[in-house]
$ cat work26.csv   # CSV, C-alpha atoms and all ligand atoms
chain,number,residue,atom,x,y,z
A,1,MET,CA,241.9,22.2,-7.8
A,2,ASP,CA,245.5,22.0,-6.7
A,3,PHE,CA,248.4,24.4,-7.1
A,4,LEU,CA,251.4,22.3,-8.0
A,5,ILE,CA,255.1,23.2,-8.0
A,6,ALA,CA,257.7,21.2,-9.9
A,7,LYS,CA,260.0,19.8,-7.3
A,8,ASP,CA,263.1,20.2,-9.5
A,9,ASP,CA,262.3,23.8,-10.5
A,10,LEU,CA,260.3,26.0,-8.0
A,11,HIS,CA,259.6,28.5,-10.8
A,12,ARG,CA,257.6,25.9,-12.7
A,13,CYS,CA,254.0,25.7,-11.4
A,14,ARG,CA,250.6,24.9,-12.6
A,15,PHE,CA,247.0,24.2,-11.5
A,16,LEU,CA,245.4,20.8,-11.7
A,17,ASP,CA,241.6,20.2,-11.7
A,18,SER,CA,240.7,16.7,-10.6
A,19,GLU,CA,237.5,14.8,-9.6
A,20,PRO,CA,236.9,15.0,-5.8
A,21,GLN,CA,238.1,11.8,-4.0
A,22,GLU,CA,235.3,9.7,-2.6
A,23,LEU,CA,235.3,9.7,1.2
A,24,ALA,CA,235.9,6.5,3.1
A,25,HIS,CA,234.2,5.8,6.4
A,26,GLY,CA,235.7,8.2,9.1
A,27,GLN,CA,237.1,10.6,6.6
A,28,VAL,CA,236.2,14.3,6.2
A,29,ARG,CA,236.5,16.7,3.3
A,30,LEU,CA,237.8,20.1,4.3
A,31,GLY,CA,237.0,23.0,2.0
A,32,VAL,CA,240.1,25.3,2.2
A,33,ASP,CA,238.8,28.8,2.7
A,34,ALA,CA,242.0,31.0,2.9
A,35,PHE,CA,245.6,30.9,3.8
A,36,GLY,CA,248.6,33.1,4.3
A,37,LEU,CA,251.7,33.1,2.1
A,38,THR,CA,255.1,34.3,3.3
A,39,SER,CA,258.7,33.3,2.7
A,40,ASN,CA,258.2,30.5,5.2
A,41,ASN,CA,256.1,28.7,2.6
A,42,ILE,CA,258.8,29.1,0.1
A,43,THR,CA,261.2,27.5,2.6
A,44,TYR,CA,258.8,24.5,2.9
A,45,ALA,CA,259.1,24.1,-0.9
A,46,GLU,CA,262.8,24.6,-0.9
A,47,PHE,CA,263.3,22.0,1.7
A,48,GLY,CA,260.3,19.9,0.4
A,49,GLU,CA,262.5,16.8,-0.2
A,50,ARG,CA,265.2,17.1,2.5
A,51,MET,CA,262.7,17.8,5.3
A,52,SER,CA,259.7,15.9,4.0
A,53,TYR,CA,257.5,19.0,3.5
A,54,TRP,CA,256.3,17.5,0.2
A,55,SER,CA,255.1,14.5,2.1
A,56,PHE,CA,252.1,16.2,3.9
A,57,PHE,CA,250.0,16.7,0.8
A,58,PRO,CA,251.1,14.2,-1.9
A,59,ALA,CA,250.7,15.1,-5.6
A,60,GLU,CA,251.6,13.4,-8.8
A,61,GLU,CA,255.2,12.3,-9.5
A,62,GLY,CA,257.6,15.2,-9.8
A,63,TRP,CA,255.2,17.8,-8.4
A,64,GLY,CA,254.5,19.0,-4.9
A,65,ARG,CA,251.9,20.9,-2.9
A,66,MET,CA,253.6,23.5,-0.7
A,67,PRO,CA,252.1,23.5,2.8
A,68,VAL,CA,250.3,26.7,3.9
A,69,TRP,CA,248.6,27.7,7.2
A,70,GLY,CA,245.0,28.7,7.0
A,71,PHE,CA,241.3,28.1,7.7
A,72,ALA,CA,239.1,25.4,6.4
A,73,GLU,CA,235.6,24.1,6.9
A,74,VAL,CA,234.2,20.6,7.0
A,75,ALA,CA,232.4,20.5,3.6
A,76,GLU,CA,231.5,16.8,3.7
A,77,SER,CA,231.7,14.3,6.6
A,78,ARG,CA,231.7,10.6,7.0
A,79,ASN,CA,232.8,11.0,10.6
A,80,GLU,CA,230.1,11.0,13.3
A,81,ALA,CA,232.3,13.3,15.5
A,82,LEU,CA,232.5,16.1,13.0
A,83,GLU,CA,229.6,17.8,11.4
A,84,GLU,CA,229.6,19.9,8.3
A,85,GLY,CA,230.4,23.6,8.8
A,86,VAL,CA,233.0,23.0,11.6
A,87,ARG,CA,235.7,25.6,11.0
A,88,VAL,CA,239.3,24.7,11.8
A,89,TYR,CA,242.8,26.3,11.7
A,90,GLY,CA,245.8,24.2,10.6
A,91,TYR,CA,248.3,23.0,8.0
A,92,LEU,CA,246.7,22.9,4.5
A,93,PRO,CA,247.6,22.4,0.9
A,94,PRO,CA,247.2,25.3,-1.6
A,95,SER,CA,244.1,23.5,-2.9
A,96,THR,CA,240.4,23.9,-2.9
A,97,ASP,CA,240.0,20.9,-0.6
A,98,LEU,CA,241.7,18.3,1.5
A,99,VAL,CA,240.6,14.9,2.6
A,100,VAL,CA,241.6,14.0,6.2
A,101,ALA,CA,241.1,11.1,8.5
A,102,PRO,CA,240.3,12.7,11.8
A,103,ALA,CA,241.5,10.9,15.0
A,104,ARG,CA,241.6,11.9,18.6
A,105,VAL,CA,238.6,14.1,17.9
A,106,ASP,CA,237.6,16.2,20.9
A,107,GLU,CA,236.0,19.6,21.5
A,108,ARG,CA,239.3,21.3,20.6
A,109,GLY,CA,239.9,19.7,17.3
A,110,PHE,CA,241.5,16.6,15.8
A,111,ILE,CA,244.6,15.2,14.2
A,112,ASP,CA,244.8,13.9,10.6
A,113,SER,CA,245.7,10.2,11.0
A,114,SER,CA,246.1,9.5,7.3
A,115,ALA,CA,248.8,6.9,6.8
A,116,HIS,CA,251.1,9.2,4.8
A,117,ARG,CA,251.3,11.7,7.7
A,118,ALA,CA,252.0,9.2,10.4
A,119,GLY,CA,255.8,9.7,10.6
A,120,LEU,CA,255.7,13.5,10.2
A,121,PRO,CA,256.1,16.0,13.1
A,122,ALA,CA,252.9,16.0,15.2
A,123,VAL,CA,252.7,19.8,15.4
A,124,TYR,CA,251.7,19.9,11.7
A,125,ASN,CA,249.0,17.3,11.9
A,126,GLY,CA,246.7,19.0,14.4
A,127,TYR,CA,243.5,20.9,13.4
A,128,LEU,CA,242.1,23.4,15.9
A,129,ARG,CA,238.4,24.1,16.0
A,130,VAL,CA,238.0,27.8,16.0
A,131,ASP,CA,235.1,27.7,18.5
A,132,ALA,CA,237.4,26.2,21.2
A,133,ASP,CA,240.7,27.9,20.3
A,134,PRO,CA,241.7,30.4,23.0
A,135,VAL,CA,243.7,32.5,20.6
A,136,TYR,CA,241.0,32.7,17.9
A,137,ASP,CA,239.4,36.0,17.2
A,138,PRO,CA,237.1,36.2,14.1
A,139,GLN,CA,238.3,39.8,13.5
A,140,GLN,CA,241.9,38.6,13.4
A,141,GLU,CA,241.7,35.6,11.1
A,142,ASP,CA,244.1,37.2,8.5
A,143,ARG,CA,246.8,37.9,11.0
A,144,GLN,CA,246.3,34.5,12.6
A,145,MET,CA,246.9,32.7,9.3
A,146,LEU,CA,249.9,34.9,8.5
A,147,LEU,CA,251.6,35.3,11.8
A,148,ARG,CA,250.7,32.5,14.2
A,149,PRO,CA,253.1,29.9,12.9
A,150,LEU,CA,255.9,32.5,12.6
A,151,PHE,CA,255.4,34.1,16.0
A,152,PHE,CA,255.1,30.7,17.5
A,153,THR,CA,258.6,30.1,16.2
A,154,SER,CA,259.8,33.5,17.4
A,155,TYR,CA,258.5,32.7,20.9
A,156,LEU,CA,260.2,29.3,20.9
A,157,ILE,CA,263.5,30.8,19.8
A,158,ASP,CA,263.3,33.5,22.5
A,159,ASP,CA,262.4,30.8,25.1
A,160,PHE,CA,265.3,28.6,23.8
A,161,LEU,CA,267.9,31.4,24.1
A,162,ALA,CA,266.8,32.3,27.6
A,163,ASP,CA,266.5,28.6,28.7
A,164,SER,CA,270.0,27.8,27.4
A,165,GLY,CA,271.6,30.8,29.2
A,166,LEU,CA,272.7,32.2,25.8
A,167,LEU,CA,271.3,35.6,26.4
A,168,SER,CA,274.2,36.3,28.8
A,169,ALA,CA,276.2,37.0,25.6
A,170,GLY,CA,274.3,40.4,25.7
A,171,THR,CA,273.9,40.8,21.9
A,172,VAL,CA,271.6,38.9,19.6
A,173,VAL,CA,272.2,39.4,15.8
A,174,LEU,CA,269.2,38.4,13.6
A,175,SER,CA,269.5,38.1,9.8
A,176,SER,CA,266.6,38.8,7.4
A,177,ALA,CA,265.6,41.2,10.2
A,178,SER,CA,262.7,42.4,8.0
A,179,SER,CA,261.1,39.0,8.1
A,180,LYS,CA,258.1,38.4,10.3
A,181,THR,CA,259.8,35.5,12.2
A,182,ALA,CA,262.8,37.7,12.9
A,183,ASN,CA,260.9,40.8,13.9
A,184,GLY,CA,258.6,38.8,16.2
A,185,LEU,CA,261.8,37.5,17.9
A,186,ALA,CA,263.2,41.1,18.1
A,187,PHE,CA,259.8,42.2,19.6
A,188,LEU,CA,260.2,39.6,22.4
A,189,LEU,CA,263.9,40.2,23.0
A,190,ALA,CA,263.2,44.0,23.2
A,191,ASN,CA,261.1,43.3,26.2
A,192,ARG,CA,264.0,41.6,28.0
A,193,GLU,CA,266.4,43.7,30.1
A,194,GLY,CA,269.9,44.5,28.7
A,195,ILE,CA,269.9,42.7,25.4
A,196,ASP,CA,271.3,44.5,22.4
A,197,VAL,CA,269.1,43.4,19.5
A,198,VAL,CA,270.8,43.8,16.2
A,199,GLY,CA,269.0,43.5,12.9
A,200,LEU,CA,271.0,42.5,9.7
A,201,THR,CA,269.1,43.3,6.6
A,202,SER,CA,269.4,44.3,3.0
A,203,ALA,CA,270.0,48.0,2.2
A,204,ARG,CA,266.5,48.2,0.6
A,205,SER,CA,264.8,47.0,3.9
A,206,ALA,CA,266.9,48.9,6.4
A,207,GLU,CA,264.6,51.9,6.7
A,208,PHE,CA,261.6,49.6,7.2
A,209,VAL,CA,263.4,47.6,9.9
A,210,ARG,CA,264.5,50.8,11.8
A,211,GLY,CA,260.9,52.0,11.7
A,212,LEU,CA,259.8,48.8,13.5
A,213,GLY,CA,261.4,50.1,16.7
A,214,VAL,CA,262.3,46.7,18.1
A,215,TYR,CA,266.0,46.6,17.0
A,216,ASP,CA,268.6,48.5,19.0
A,217,ARG,CA,270.7,48.7,15.8
A,218,VAL,CA,270.1,47.9,12.1
A,219,VAL,CA,273.1,46.9,10.1
A,220,ALA,CA,273.2,46.3,6.3
A,221,TYR,CA,274.6,43.0,5.1
A,222,GLU,CA,277.5,44.9,3.5
A,223,ASP,CA,278.5,46.4,6.9
A,224,ILE,CA,279.0,43.3,9.1
A,225,GLN,CA,282.5,44.5,10.1
A,226,SER,CA,280.8,47.4,12.0
A,227,LEU,CA,279.0,45.0,14.3
A,228,GLY,CA,281.2,45.7,17.3
A,229,GLN,CA,283.6,43.7,19.5
A,230,THR,CA,281.2,42.2,22.1
A,231,ALA,CA,280.1,38.5,22.5
A,232,ALA,CA,277.0,37.6,20.5
A,233,VAL,CA,274.5,35.0,19.5
A,234,TYR,CA,273.6,34.7,15.8
A,235,VAL,CA,270.1,33.7,14.7
A,236,ASP,CA,270.0,33.2,11.0
A,237,MET,CA,266.7,33.5,9.1
A,238,SER,CA,268.4,34.2,5.7
A,239,GLY,CA,270.4,31.0,5.1
A,240,ASP,CA,272.8,33.3,3.2
A,241,ALA,CA,276.2,31.6,3.3
A,242,GLN,CA,278.1,34.8,2.7
A,243,VAL,CA,276.3,36.6,5.5
A,244,ARG,CA,276.8,33.6,7.9
A,245,ASP,CA,280.5,33.3,7.1
A,246,ALA,CA,281.0,37.1,7.5
A,247,VAL,CA,279.2,37.0,10.9
A,248,HIS,CA,281.4,34.0,12.1
A,249,GLU,CA,284.5,35.7,10.8
A,250,HIS,CA,283.6,38.9,12.6
A,251,TYR,CA,282.8,37.4,16.0
A,252,ARG,CA,285.0,34.2,15.8
A,253,GLU,CA,285.3,32.8,19.4
A,254,ARG,CA,283.1,35.6,20.8
A,255,LEU,CA,280.2,34.0,19.1
A,256,ALA,CA,278.3,32.0,21.8
A,257,HIS,CA,275.9,30.2,19.5
A,258,SER,CA,274.9,30.2,15.9
A,259,SER,CA,271.3,29.1,15.2
A,260,VAL,CA,270.0,28.2,11.7
A,261,VAL,CA,266.3,29.1,11.6
A,262,GLY,CA,265.4,29.9,8.0
A,263,ALA,CA,266.5,30.4,4.4
A,264,THR,CA,264.8,33.4,3.0
A,265,HIS,CA,267.9,33.9,0.7
A,266,HIS,CA,267.3,30.4,-0.7
A,267,ASP,CA,269.4,31.1,-3.8
A,268,ARG,CA,272.5,32.0,-1.6
A,269,MET,CA,272.8,28.9,0.5
A,270,ALA,CA,276.1,26.9,0.5
A,271,ILE,CA,277.6,24.1,2.5
A,272,LEU,CA,279.4,24.9,5.7
A,273,PRO,CA,283.2,25.4,5.3
A,274,ALA,CA,285.1,23.1,7.7
A,275,SER,CA,287.2,26.1,8.6
A,276,LEU,CA,284.3,28.3,9.7
A,277,PRO,CA,285.4,30.2,12.8
A,278,GLY,CA,283.3,30.1,16.0
A,279,PRO,CA,280.8,27.4,17.0
A,280,ARG,CA,279.2,25.1,14.4
A,281,PRO,CA,275.7,26.4,13.4
A,282,VAL,CA,272.9,24.4,14.9
A,283,PHE,CA,269.6,23.9,13.1
A,284,PHE,CA,266.6,25.2,15.1
A,285,PHE,CA,263.5,23.1,14.4
A,286,ALA,CA,260.4,24.5,16.0
A,287,PRO,CA,258.6,21.1,16.3
A,288,ASP,CA,261.4,19.8,18.5
A,289,ARG,CA,261.1,22.7,20.9
A,290,VAL,CA,257.3,22.2,20.9
A,291,ALA,CA,257.7,18.6,21.8
A,292,LYS,CA,260.2,19.5,24.6
A,293,ARG,CA,258.1,22.2,26.1
A,294,THR,CA,254.9,20.1,25.8
A,295,ARG,CA,256.6,17.4,27.8
A,296,GLU,CA,257.7,19.9,30.5
A,297,TRP,CA,254.8,22.3,30.6
A,298,GLY,CA,252.0,20.3,29.2
A,299,ARG,CA,250.0,21.3,26.1
A,300,GLU,CA,247.9,23.8,28.0
A,301,GLY,CA,250.9,25.3,29.8
A,302,LEU,CA,252.6,26.0,26.5
A,303,GLU,CA,249.4,27.3,24.9
A,304,SER,CA,248.6,29.6,27.8
A,305,ARG,CA,252.2,31.1,27.7
A,306,LEU,CA,251.9,31.6,24.0
A,307,ALA,CA,248.4,33.2,24.2
A,308,GLU,CA,249.8,35.6,26.8
A,309,ALA,CA,252.6,36.7,24.4
A,310,TRP,CA,250.4,36.7,21.3
A,311,ASP,CA,248.0,39.6,22.2
A,312,PRO,CA,250.6,42.4,22.6
A,313,TYR,CA,252.5,41.2,19.6
A,314,LEU,CA,249.3,41.2,17.5
A,315,GLU,CA,248.5,44.7,18.7
A,316,TRP,CA,252.0,45.8,17.7
A,317,THR,CA,251.7,44.4,14.1
A,318,THR,CA,248.6,46.5,13.4
A,319,GLY,CA,251.0,49.5,13.5
A,320,TRP,CA,253.1,48.4,10.5
A,321,LEU,CA,251.7,45.3,8.7
A,322,GLU,CA,249.3,45.7,5.9
A,323,VAL,CA,247.3,42.6,4.9
A,324,VAL,CA,246.7,42.2,1.2
A,325,HIS,CA,243.9,39.9,0.0
A,326,ALA,CA,243.9,38.2,-3.4
A,327,ASP,CA,241.6,35.5,-4.7
A,328,GLY,CA,241.8,33.0,-7.5
A,329,PRO,CA,244.5,30.9,-9.2
A,330,GLN,CA,246.2,33.7,-11.1
A,331,ALA,CA,246.7,35.8,-7.9
A,332,LEU,CA,248.1,32.7,-6.1
A,333,GLU,CA,250.6,32.0,-8.8
A,334,ARG,CA,251.7,35.6,-9.1
A,335,THR,CA,252.1,36.0,-5.3
A,336,TYR,CA,254.0,32.8,-5.0
A,337,LEU,CA,256.4,33.7,-7.8
A,338,ASP,CA,256.9,37.2,-6.3
A,339,LEU,CA,257.7,35.7,-2.9
A,340,LEU,CA,260.1,33.1,-4.5
A,341,ASP,CA,262.0,35.9,-6.2
A,342,GLY,CA,261.9,38.2,-3.1
A,343,HIS,CA,259.7,40.9,-4.7
A,344,ILE,CA,257.5,41.4,-1.7
A,345,ASP,CA,257.4,44.5,0.4
A,346,PRO,CA,258.2,43.5,4.0
A,347,ALA,CA,255.4,45.8,5.3
A,348,LYS,CA,252.8,43.7,3.4
A,349,ALA,CA,251.6,40.2,3.9
A,350,HIS,CA,249.4,38.2,1.6
A,351,VAL,CA,246.2,36.2,2.3
A,352,LEU,CA,245.1,34.0,-0.6
A,353,SER,CA,242.0,32.1,-1.4
A,354,MET,CA,241.1,29.7,-4.2
A,355,THR,CA,237.5,29.5,-3.3
A,356,ARG,CA,236.3,33.0,-2.3
B,1,LIG,N1,263.1,26.5,11.7
B,1,LIG,C1,261.8,26.7,11.9
B,1,LIG,O1,261.1,26.0,12.6
B,1,LIG,C2,261.1,27.9,11.2
B,1,LIG,C3,259.8,28.3,11.6
B,1,LIG,C4,259.2,29.4,11.1
B,1,LIG,C5,259.9,30.2,10.1
B,1,LIG,N2,261.1,29.8,9.7
B,1,LIG,C6,261.9,30.5,8.7
B,1,LIG,O2,262.1,31.9,8.9
B,1,LIG,C7,262.3,32.5,7.6
B,1,LIG,C8,261.4,33.8,7.6
B,1,LIG,O3,260.1,33.5,7.2
B,1,LIG,P1,258.9,34.6,7.2
B,1,LIG,O4,257.7,34.0,6.6
B,1,LIG,O5,258.9,35.3,8.5
B,1,LIG,O6,259.5,35.6,6.1
B,1,LIG,P2,258.9,36.9,5.5
B,1,LIG,O7,258.3,37.8,6.5
B,1,LIG,O8,258.1,36.6,4.3
B,1,LIG,O9,260.3,37.6,5.1
B,1,LIG,C9,260.5,38.5,4.1
B,1,LIG,C10,262.0,38.9,4.0
B,1,LIG,O10,262.8,37.8,3.7
B,1,LIG,C11,263.9,38.3,2.8
B,1,LIG,N3,263.6,37.6,1.5
B,1,LIG,C12,262.5,36.9,1.2
B,1,LIG,N4,262.7,36.4,0.0
B,1,LIG,C13,263.9,36.7,-0.5
B,1,LIG,C14,264.6,36.5,-1.7
B,1,LIG,N5,264.1,35.7,-2.7
B,1,LIG,N6,265.8,37.0,-1.8
B,1,LIG,C15,266.3,37.8,-0.8
B,1,LIG,N7,265.7,38.1,0.4
B,1,LIG,C16,264.5,37.5,0.5
B,1,LIG,C17,263.8,39.7,2.9
B,1,LIG,O11,264.5,40.1,4.1
B,1,LIG,P3,265.9,40.9,4.2
B,1,LIG,O12,266.0,41.9,3.1
B,1,LIG,O13,265.8,41.5,5.6
B,1,LIG,O14,267.0,39.8,4.1
B,1,LIG,C18,262.3,40.0,3.0
B,1,LIG,O15,262.0,41.3,3.5
B,1,LIG,C19,261.9,31.5,6.5
B,1,LIG,O16,263.0,30.9,5.9
B,1,LIG,C20,261.1,30.4,7.4
B,1,LIG,O17,261.1,29.2,6.8
B,1,LIG,C21,261.7,28.6,10.3
$ encode --input "work26.csv" --output "C-alpha cells" --more "lines below"
Ligand SMILES: NC(=O)c1ccc[n+]([C@@H]2O[C@H](COP(=O)([O-])OP(=O)(O)OC[C@H]3O[C@@H](n4cnc5c(N)ncnc54)[C@H](OP(=O)(O)O)[C@@H]3O)[C@@H](O)[C@H]2O)c1
Amino acid sequence: MDFLIAKDDLHRCRFLDSEPQELAHGQVRLGVDAFGLTSNNITYAEFGERMSYWSFFPAEEGWGRMPVWGFAEVAESRNEALEEGVRVYGYLPPSTDLVVAPARVDERGFIDSSAHRAGLPAVYNGYLRVDADPVYDPQQEDRQMLLRPLFFTSYLIDDFLADSGLLSAGTVVLSSASSKTANGLAFLLANREGIDVVGLTSARSAEFVRGLGVYDRVVAYEDIQSLGQTAAVYVDMSGDAQVRDAVHEHYRERLAHSSVVGATHHDRMAILPASLPGPRPVFFFAPDRVAKRTREWGREGLESRLAEAWDPYLEWTTGWLEVVHADGPQALERTYLDLLDGHIDPAKAHVLSMTR
C-alpha cells in the first residue's frame, strides 16, 4: 500500500493498494517498518518537482510519494548478499514496501542502484545496516528516524558557518527557531564561544523556544526591528518571504550571509525582490556539504565527527521532545495534513507505521 499525494495540491491525498511487484534477480523487497514525519517531509513534497524529491519513489501520473526517513527490513531477497531479516535505516517511501536493487553491498549496507535513482544525490540512496551502524541504538530508533537527518543538517550548517569564517559576525539569527533543524543548530552554536544565537519564531512558539535554553534571545516575527545593530548571519528555515525581507531590511550591509535552508512556512514563499538589501540569499543543500566533507575528511572522518556530536544532542532532546506513535493509514493521513497546515506542537514529533 502506498500513501499518495497529488503533486498539484498537497492537501489531496489517498492510499493505493497494489499487487506486489515481482523481484528481478539481484533485487530485494524492503518491508517498511516505521518512519518519522516532520516539516522536513512536507518540504520534500513542496519541492517535489523543483528538486526532484518525487523522483526517488515514482508513483502514477500526477501523484507522488513523499520521502521519509525510517527503518525497514529485508522481507524478500533475490540478492545473495542480503538475507531476509536484515534491518536497515534510510530514505523510504510512505508505503508498506519498497523494491530496491542493492549495489556496493558490504557489511555496512548498500546503495539502491535502481535506474531512476542514478542521477539523484548519493546521500539519499544509501541504506545502513543497523548491526554495523556506529550511531544505532535499538532504544533510540524513534529519535534516530526523527532527528538524524535534521541534526545531520544542523551539524553541516554549523560546520559551514565556522569553515567559512562567518561566525566572526558574532550573531546568528535562525528563523522557525522552534523547528528541530533550527534548534539542533542552536544547540551546536551555543557550545561555541561568543556567539549570540537569536531565535525568530511565531508568538505561539516563543515560550517553547525560550524553554529550550539554547537561544540567547528569542524574538517574535513581528519584532524583527528589535534585533539590534550588530553584524549578523541569517539562517532561514521558514522560507517566509516577509520575514526574510524584514531581516534583510533590518541588517542591510551588516548582514554577512543569508542562508536558505528550509521552507516550513511553505505558503508564505515569494520570489526574491531585486532590491533586497544585503547579500543575495544562498541555498544551503546538505548533500553538497556532505560531498565536500566526504572528499576532505573521508566517509569515516565525517561519520565519526557526527557520531561525537550526536550523543550529547540526543541526550538533550530527551528533556523536551515527546515522541508520539501512530499506526495505520488514517493516522498517517491525519498527521501529514496537520503538519502541512502547521498544526503540530513543536514539543512533539511523530513516528508512523503502516505495518505495525
Ligand atoms: N536544505 C537542507 O538540506 C535541509 C535539510 C534538513 C531540513 N531542512 C529544512 O528545515 C526545515 C525545518 O524542518 P524540521 O523537520 O526541523 O521542522 P519541524 O521540527 O517539524 O518544525 C516545526 C516548526 O516549523 C514551523 N511550521 C511548520 N509548519 C508550518 C506551517 N504550515 N505554517 C507555519 N509554520 C510552520 C513552526 O515553527 P515557527 O513557529 O518557529 O516558525 C513549527 O513549530 C524544513 O523546511 C526542512 O526541509 C533543509
$ residues_near_ligand --input "work26.csv" --ligand "ligand LIG 1 (chain B)" --cutoff "7 Å" --atoms "only C-alpha atoms and all ligand atoms" --output "PyMOL selection string"
chain A and resi 38-41+43-44+149-150+153+175-182+200-202+204-205+237-238+261-266+284-287+339-342+344-346
$ residues_around --input "work26.csv" --residues "region 91-106 of chain A" --least-positions-apart "5" --cutoff "8 Å" --atoms "all atoms listed in the file" --output "VMD selection string"
chain A and resid 1 to 3 21 23 26 to 33 35 57 65 to 70 79 81 111 to 114 124 to 127 354 to 355
$ closest_residue --input "work26.csv" --among "A:Pro138, A:Gly119, A:Gly239, A:Gly62" --to "Val88 (chain A)" --atoms "only C-alpha atoms"
A:Pro138
$ residues_around --input "work26.csv" --residues "His257 (chain A)" --least-positions-apart "2" --cutoff "7 Å" --atoms "only C-alpha atoms" --output "ChimeraX atom specification"
/A:233-234,255,259,279
$ residues_near_point --input "work26.csv" --point "(264.7, 23.7, 26.1)" --cutoff "10 Å" --atoms "only C-alpha atoms" --output "PDB file with C-alpha atoms, keeping the file's coordinate frame"
ATOM      1  CA  LEU A 156     260.200  29.300  20.900  1.00  0.00           C
ATOM      2  CA  ILE A 157     263.500  30.800  19.800  1.00  0.00           C
ATOM      3  CA  ASP A 159     262.400  30.800  25.100  1.00  0.00           C
ATOM      4  CA  PHE A 160     265.300  28.600  23.800  1.00  0.00           C
ATOM      5  CA  LEU A 161     267.900  31.400  24.100  1.00  0.00           C
ATOM      6  CA  ALA A 162     266.800  32.300  27.600  1.00  0.00           C
ATOM      7  CA  ASP A 163     266.500  28.600  28.700  1.00  0.00           C
ATOM      8  CA  SER A 164     270.000  27.800  27.400  1.00  0.00           C
ATOM      9  CA  ASP A 288     261.400  19.800  18.500  1.00  0.00           C
ATOM     10  CA  ARG A 289     261.100  22.700  20.900  1.00  0.00           C
ATOM     11  CA  VAL A 290     257.300  22.200  20.900  1.00  0.00           C
ATOM     12  CA  ALA A 291     257.700  18.600  21.800  1.00  0.00           C
ATOM     13  CA  LYS A 292     260.200  19.500  24.600  1.00  0.00           C
ATOM     14  CA  ARG A 293     258.100  22.200  26.100  1.00  0.00           C
ATOM     15  CA  GLU A 296     257.700  19.900  30.500  1.00  0.00           C
TER      16      GLU A 296
END
$ residues_around --input "work26.csv" --residues "Ile271 (chain A)" --least-positions-apart "5" --cutoff "12 Å" --atoms "only C-alpha atoms" --output "VMD selection string"
chain A and resid 239 to 242 244 to 245 276 281
$ residues_around --input "work26.csv" --residues "Asp196 (chain A)" --least-positions-apart "2" --cutoff "12 Å" --atoms "all atoms listed in the file" --output "PyMOL selection string"
chain A and resi 167-174+186+189-194+198-199+214-218+227-228+230-233
$ closest_residue --input "work26.csv" --among "A:Gln229, A:Gln330, A:Thr317, A:Ser304" --to "Pro134 (chain A)" --atoms "all atoms listed in the file"
A:Ser304
$ closest_residue --input "work26.csv" --among "A:Pro20, A:Gly328, A:Gly213, A:Gly109" --to "Arg129 (chain A)" --atoms "all atoms listed in the file"
A:Gly109
$ atom_distance --input "work26.csv" --atom1 "CA of Thr335 (chain A)" --atom2 "CA of Leu16 (chain A)"
17.8 Å
$ atom_distance --input "work26.csv" --atom1 "CA of Asp158 (chain A)" --atom2 "CA of Gly211 (chain A)"
21.6 Å
$ atom_distance --input "work26.csv" --atom1 "CA of Leu166 (chain A)" --atom2 "CA of Ile195 (chain A)"
10.9 Å
$ decode --input "work26.csv" --residues "region 199-209 of chain A" --atoms "N, CA, C and O atoms" --output "compact mmCIF listing (two decimals), in the first residue's frame"
# COMPACT_ATOMS: atom_id res chain seq x y z
N GLY A 199 16.80 33.33 18.14
CA GLY A 199 15.74 32.55 17.53
C GLY A 199 14.56 33.43 17.15
O GLY A 199 14.03 34.14 18.00
N LEU A 200 14.21 33.38 15.86
CA LEU A 200 12.99 34.07 15.39
C LEU A 200 11.89 33.03 15.32
O LEU A 200 12.07 31.98 14.70
N THR A 201 10.75 33.34 15.90
CA THR A 201 9.68 32.35 15.87
C THR A 201 8.32 33.03 15.95
O THR A 201 8.23 34.26 16.11
N SER A 202 7.28 32.22 15.83
CA SER A 202 5.93 32.75 15.94
C SER A 202 5.61 33.02 17.41
O SER A 202 6.20 32.39 18.30
N ALA A 203 4.67 33.91 17.65
CA ALA A 203 4.30 34.25 19.03
C ALA A 203 3.88 32.99 19.78
O ALA A 203 4.25 32.80 20.94
N ARG A 204 3.19 32.08 19.09
CA ARG A 204 2.68 30.89 19.79
C ARG A 204 3.81 29.94 20.23
O ARG A 204 3.64 29.16 21.15
N SER A 205 4.96 29.99 19.54
CA SER A 205 6.06 29.07 19.89
C SER A 205 7.12 29.70 20.77
O SER A 205 8.06 29.03 21.18
N ALA A 206 6.99 31.02 21.04
CA ALA A 206 8.08 31.75 21.70
C ALA A 206 8.43 31.15 23.07
O ALA A 206 9.61 30.98 23.39
N GLU A 207 7.42 30.80 23.84
CA GLU A 207 7.68 30.28 25.18
C GLU A 207 8.43 28.93 25.10
O GLU A 207 9.38 28.69 25.83
N PHE A 208 7.96 28.10 24.18
CA PHE A 208 8.63 26.80 23.98
C PHE A 208 10.10 27.02 23.60
O PHE A 208 11.00 26.37 24.15
N VAL A 209 10.34 27.94 22.68
CA VAL A 209 11.71 28.17 22.20
C VAL A 209 12.60 28.70 23.33
O VAL A 209 13.74 28.25 23.50
